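Here the structure comes first, spelled out in structure tokens, and everything after it is commentary.
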Amino acid sequence: MQGVVVKSAGSIYSVRTADGITECRIKGNFRLKGIKSTNPVAVGDYVKIDVRDDGTAYIVDIEPRRNYIVRKASNLSKQSHILAANIDQCLLVVTINHPVTSTTFIDRFIASAEAYRVPVVIVFNKTDLYNDADNEELDYLEAVYKSIGYPCLRISATEGKGIEAVKETMQGKVSLLAGNSGVGKSSIINAISPDTAVKVGEISRIHDTGMHTTTYSEMFELMPGSYIVDTPGVKGFGTYSMESEEIAHYFVEFFELSAGCKYGNCTHTHEPGCAVLEALEEGRIAPSRYQSYLSMLDDKEEGKYRAAE
């Protein structure tokens, strides 16, 4: 029997098949070849299950993944934890204020998504709370990311503004909902499907940062044929496995420009004849994007990014 994993909670996996949901375990010797991961099976995996005569069910095989999302496993620097697999897109929820989402976090996230071949849509939430300065920042960031090919949406989940556009973007797809704590991910889910049982985190009044409420990855059907994966967070989103020379490949505008660099191994930091530095000087690259790139070159460890999350 075949199905898709819709929930991962410890050693128990919920698999959706043509007959409904089946609770499964995996055999002790079952491991995913080639991936050093703490969890061999993830939400979104297409799997084959074997149901025994006594009613117990086991995952016995997993189909090849077309993509996957990983984060660094807790206290295991050489291992990853797969958040979800076979994702059509990531909806990256960000806020200009209440709380502030740093451009470094945005750029780090979308560079990682490029590495794992997952399209990103940037969703600017809480627009009802923005003052004039916040709206100017929003205009700027939206222009930056649209210019390099990332679709952007403006919404207010609490007021329902822009939710129809989010639903249209999600239609017929499996979407990962991601972002810093406190940006309103659960509120968006509830605005789309009020009947979905999603815990809504409360914003800390003191620190204006969110409290994590999701403890495992789970796939919800919010609309017919449209699924969303809610995850326990995206700290350390994948980039722990990037080599320094690869980082520029995942800044799409840098990669396109790098064909014009004098040296094939150009780091875009000091070399003469660097097309990226030339574009930066001419204002064709956003300074915030370049600073994010330098930060990732300087420190691929995740400590200083976690402070902003």
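Ordering of the structure tokens sets the chain letters (A, B, ...), residue numbers begin anew at 1 in every chain, and ligands are numbered from 1 in the order given.
For A:Leu176, the non-local neighbours within 8 Å, defined as residues at least 5 positions apart in the same chain or in other chains and counting only C-alpha atoms, are Ala84, Ile87, Gln89, Cys90, Leu91, Ile228, Val229, Asp230 and Thr231 of chain A.
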### Query
Separation of atom CA of A:Asn86 and atom CA of A:Leu297, in Å?
28.6 Å
#### Entry: Non-local contacts of A:Glu271 (10 Å; only C-alpha atoms; under 6 positions in same chain excluded) as a VMD selection string
chain A and resid 261 to 263 265 277
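Going from atom CA of A:Ile285 to atom CA of A:Phe254 covers 8.4 Å.
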### Task
With a distance cut-off of 6 Å and only C-alpha atoms, select the neighbouring residues of stretch 47-60 of chain A, excluding the residue or stretch itself and same-chain residues fewer than 3 positions from it, and output the selection as an MDAnalysis selection string.
chainID A and resid 1:4 24:26 63
### Task
Please measure the separation of atom CA of A:Ser292 and atom CA of A:Tyr250, giving the value in Å to one decimal.
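Straight-line distance from atom CA of A:Ser292 to atom CA of A:Tyr250 works out to 11.9 Å.
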### Query
Residues of stretch 71-138 of chain A in strand (DSSP E) according to DSSP, as number ranges by chain?
A: 71-73, 76-85, 89-94, 120-124
Got time to write the residues from that selection, N, CA and C atoms, as a tab-separated table (two decimals), in the first residue's frame?
```tsv
chain	number	residue	atom	x	y	z
A	71	ARG	N	16.98	21.45	8.50
A	71	ARG	CA	17.59	22.36	9.45
A	71	ARG	C	18.66	21.57	10.20
A	72	LYS	N	19.53	22.28	10.86
A	72	LYS	CA	20.57	21.64	11.65
A	72	LYS	C	19.94	20.95	12.86
A	73	ALA	N	20.31	19.71	13.08
A	73	ALA	CA	19.75	18.98	14.21
A	73	ALA	C	20.31	19.53	15.52
A	76	LEU	N	23.76	18.38	17.21
A	76	LEU	CA	24.41	17.42	16.32
A	76	LEU	C	24.87	18.15	15.07
A	77	SER	N	26.05	18.74	15.14
A	77	SER	CA	26.50	19.66	14.10
A	77	SER	C	26.69	18.99	12.75
A	78	LYS	N	26.89	17.67	12.72
A	78	LYS	CA	27.13	16.99	11.46
A	78	LYS	C	25.89	16.27	10.94
A	79	GLN	N	24.77	16.49	11.59
A	79	GLN	CA	23.54	15.87	11.14
A	79	GLN	C	22.47	16.92	10.88
A	80	SER	N	21.50	16.52	10.08
A	80	SER	CA	20.39	17.41	9.75
A	80	SER	C	19.09	16.80	10.24
A	81	HIS	N	18.07	17.64	10.27
A	81	HIS	CA	16.71	17.17	10.54
A	81	HIS	C	15.85	17.63	9.38
A	82	ILE	N	15.20	16.68	8.71
A	82	ILE	CA	14.40	17.01	7.54
A	82	ILE	C	13.02	17.48	8.00
A	83	LEU	N	12.68	18.72	7.68
A	83	LEU	CA	11.39	19.28	8.07
A	83	LEU	C	10.26	18.79	7.17
A	84	ALA	N	10.54	18.73	5.88
A	84	ALA	CA	9.50	18.33	4.93
A	84	ALA	C	10.15	17.97	3.61
A	85	ALA	N	9.44	17.16	2.83
A	85	ALA	CA	9.95	16.72	1.52
A	85	ALA	C	8.88	16.94	0.46
A	89	GLN	N	6.35	24.77	-2.86
A	89	GLN	CA	6.79	26.13	-2.61
A	89	GLN	C	6.91	26.39	-1.11
A	90	CYS	N	7.69	27.41	-0.78
A	90	CYS	CA	7.74	27.92	0.59
A	90	CYS	C	7.04	29.26	0.63
A	91	LEU	N	6.16	29.44	1.59
A	91	LEU	CA	5.60	30.76	1.86
A	91	LEU	C	6.38	31.31	3.04
A	92	LEU	N	7.29	32.24	2.77
A	92	LEU	CA	8.11	32.84	3.82
A	92	LEU	C	7.38	34.06	4.37
A	93	VAL	N	6.90	33.96	5.59
A	93	VAL	CA	6.14	35.04	6.20
A	93	VAL	C	7.11	35.96	6.94
A	94	VAL	N	7.08	37.24	6.59
A	94	VAL	CA	7.98	38.22	7.20
A	94	VAL	C	7.17	39.43	7.66
A	120	VAL	N	10.18	30.17	-3.62
A	120	VAL	CA	9.78	30.95	-2.44
A	120	VAL	C	8.84	32.07	-2.85
A	121	VAL	N	7.77	32.24	-2.07
A	121	VAL	CA	6.90	33.41	-2.16
A	121	VAL	C	7.04	34.15	-0.84
A	122	ILE	N	7.35	35.44	-0.88
A	122	ILE	CA	7.52	36.23	0.34
A	122	ILE	C	6.19	36.88	0.69
A	123	VAL	N	5.71	36.61	1.90
A	123	VAL	CA	4.42	37.12	2.36
A	123	VAL	C	4.67	38.15	3.47
A	124	PHE	N	4.41	39.41	3.16
A	124	PHE	CA	4.57	40.48	4.15
A	124	PHE	C	3.28	40.61	4.95
```
### Task
May I have the residues within 12 Å of A:Asp139 as a list of chain:residue names, using only C-alpha atoms and disregarding those fewer than 6 positions away in the same chain?
A:Ile96, A:Phe124, A:Thr127, A:Tyr130, A:Asp132, A:Ala133, A:Tyr145, A:Lys146, A:Cys152, A:Leu153, A:Arg154
